[in-house]
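start-v9.pdb (PDB, C-alpha atoms)
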ATOM      1  CA  MET A1217       0.454  -0.332   1.075
ATOM      2  CA  GLU A1218       1.280  -0.758  -2.552
ATOM      3  CA  TYR A1219      -0.753  -2.890  -4.941
ATOM      4  CA  LYS A1220      -0.647  -3.358  -8.700
ATOM      5  CA  ILE A1221      -3.268  -3.200 -11.437
ATOM      6  CA  GLY A1222      -1.531  -4.489 -14.521
ATOM      7  CA  HIS A1223       1.750  -2.572 -14.698
ATOM      8  CA  LEU A1224       0.402   0.418 -12.697
ATOM      9  CA  LYS A1225       1.260   0.897  -9.028
ATOM     10  CA  VAL A1226      -1.613   1.755  -6.685
ATOM     11  CA  GLN A1227      -0.956   3.348  -3.289
ATOM     12  CA  ILE A1228      -3.617   2.557  -0.670
ATOM     13  CA  PHE A1229      -3.547   4.275   2.700
ATOM     14  CA  LYS A1230      -5.685   5.060   5.749
ATOM     15  CA  ILE A1231      -7.206   8.535   5.637
ATOM     16  CA  LYS A1232      -6.378  10.605   8.711
ATOM     17  CA  ASN A1233      -9.267  12.261  10.566
ATOM     18  CA  ARG A1234     -11.786  10.213   8.548
ATOM     19  CA  GLU A1235     -13.067   6.683   8.355
ATOM     20  CA  GLY A1236     -11.917   4.572   5.466
ATOM     21  CA  PHE A1237      -9.100   4.214   2.985
ATOM     22  CA  ALA A1238      -7.985   6.002  -0.171
ATOM     23  CA  ALA A1239      -6.286   4.733  -3.321
ATOM     24  CA  VAL A1240      -4.114   6.877  -5.617
ATOM     25  CA  CYS A1241      -2.910   5.972  -9.112
ATOM     26  CA  CYS A1242      -2.320   7.923 -12.356
ATOM     27  CA  ASP A1243      -3.976  11.168 -11.155
ATOM     28  CA  HIS A1244      -7.001   9.249  -9.806
ATOM     29  CA  LEU A1245      -8.148   9.275  -6.189
ATOM     30  CA  THR A1246     -10.793   6.885  -4.879
ATOM     31  CA  GLU A1247     -12.127   6.258  -1.382
ATOM     32  CA  GLY A1248     -13.666   3.218   0.262
ATOM     33  CA  GLN A1249     -14.730   1.974   3.670
ATOM     34  CA  ASN A1250     -12.039  -0.738   3.556
ATOM     35  CA  LEU A1251      -8.952  -1.684   1.533
ATOM     36  CA  GLU A1252     -10.827  -3.948  -0.867
ATOM     37  CA  GLN A1253     -13.466  -1.351  -1.681
ATOM     38  CA  ALA A1254     -10.899   1.372  -2.384
ATOM     39  CA  TYR A1255      -8.974  -1.043  -4.641
ATOM     40  CA  GLU A1256     -12.082  -2.114  -6.583
ATOM     41  CA  ARG A1257     -13.165   1.489  -7.097
ATOM     42  CA  MET A1258      -9.695   2.285  -8.450
ATOM     43  CA  ARG A1259      -9.956  -0.623 -10.909
ATOM     44  CA  LYS A1260     -13.244   0.788 -12.191
ATOM     45  CA  ALA A1261     -11.827   4.334 -12.452
ATOM     46  CA  LEU A1262      -8.825   3.140 -14.455
ATOM     47  CA  ARG A1263     -11.058   1.038 -16.715
ATOM     48  CA  ARG A1264     -13.259   4.082 -17.482
ATOM     49  CA  THR A1265     -10.195   6.213 -18.267
ATOM     50  CA  ASN A1266      -8.693   3.588 -20.577
ATOM     51  CA  LYS A1267     -11.973   3.293 -22.520
ATOM     52  CA  SER A1268     -12.207   7.060 -23.086
ATOM     53  CA  ILE A1269      -8.613   7.307 -24.348
ATOM     54  CA  LYS A1270      -9.091   4.757 -27.138
TER      55      LYS A1270
END
Now that the file is in, can you turn its structure into structure tokens?
Amino acid sequence: MEYKIGHLKVQIFKIKNREGFAAVCCDHLTEGQNLEQAYERMRKALRRTNKSIK
């Protein structure tokens, strides 16, 4: 599945051989027990990265 955070594309997929989902975007990888959790963790990871760049 493909979602967006701003102009960035986020790929979310089911992890094989494990429980849960993973999200990938801009060299970040996050995991969550469900789609929403993986997406929210990605939002936080991107927010932390954007703060450190400025």
- request: Tell me, in Å to one decimal, how far atom CA of His1244 of chain A is from atom CA of Lys1260 of chain A.
  value: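 Atom CA of His1244 of chain A sits 10.8 Å away from atom CA of Lys1260 of chain A.
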message: I want to know what sits within 7 Å of Ile1228 of chain A, based on only C-alpha atoms, with residues of the same chain fewer than 4 positions away left out; could you give that as a list in words?
response: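 Once the adjacent positions are removed, what remains is Met1217, Glu1218, Phe1237, Ala1238, Ala1239 and Val1240 of chain A.
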task: To one decimal in Å, tell me the separation between atom CA of Tyr1219 of chain A and atom CA of Glu1235 of chain A.
output: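 Atom-to-atom, atom CA of Tyr1219 of chain A to atom CA of Glu1235 of chain A, that is 20.5 Å.
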query: atom CA of Arg1257 of chain A and atom CA of His1223 of chain A are how many Å apart?
result: 17.2 Å
statement: Of A:Lys1220, A:Lys1225, A:Arg1263, A:Lys1230, the one nearest to Asn1250 of chain A when counting all atoms listed in the file is A:Lys1230
message: I want to know what sits within 8 Å of Gln1249 of chain A, based on all atoms listed in the file, with residues of the same chain fewer than 2 positions away left out; could you give that as a list in words?
response: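 Counting all atoms listed in the file, the residues come to Glu1235, Gly1236, Phe1237, Glu1247, Leu1251, Gln1253 and Ala1254 of chain A.
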- request: Would you list the contacts of Gly1222 of chain A as an MDAnalysis selection string, taking every protein, DNA or RNA residue within 12 Å and counting all atoms listed in the file, but skipping same-chain residues closer than 6 positions in sequence?
  value: chainID A and resid 1241 1259 1262:1263
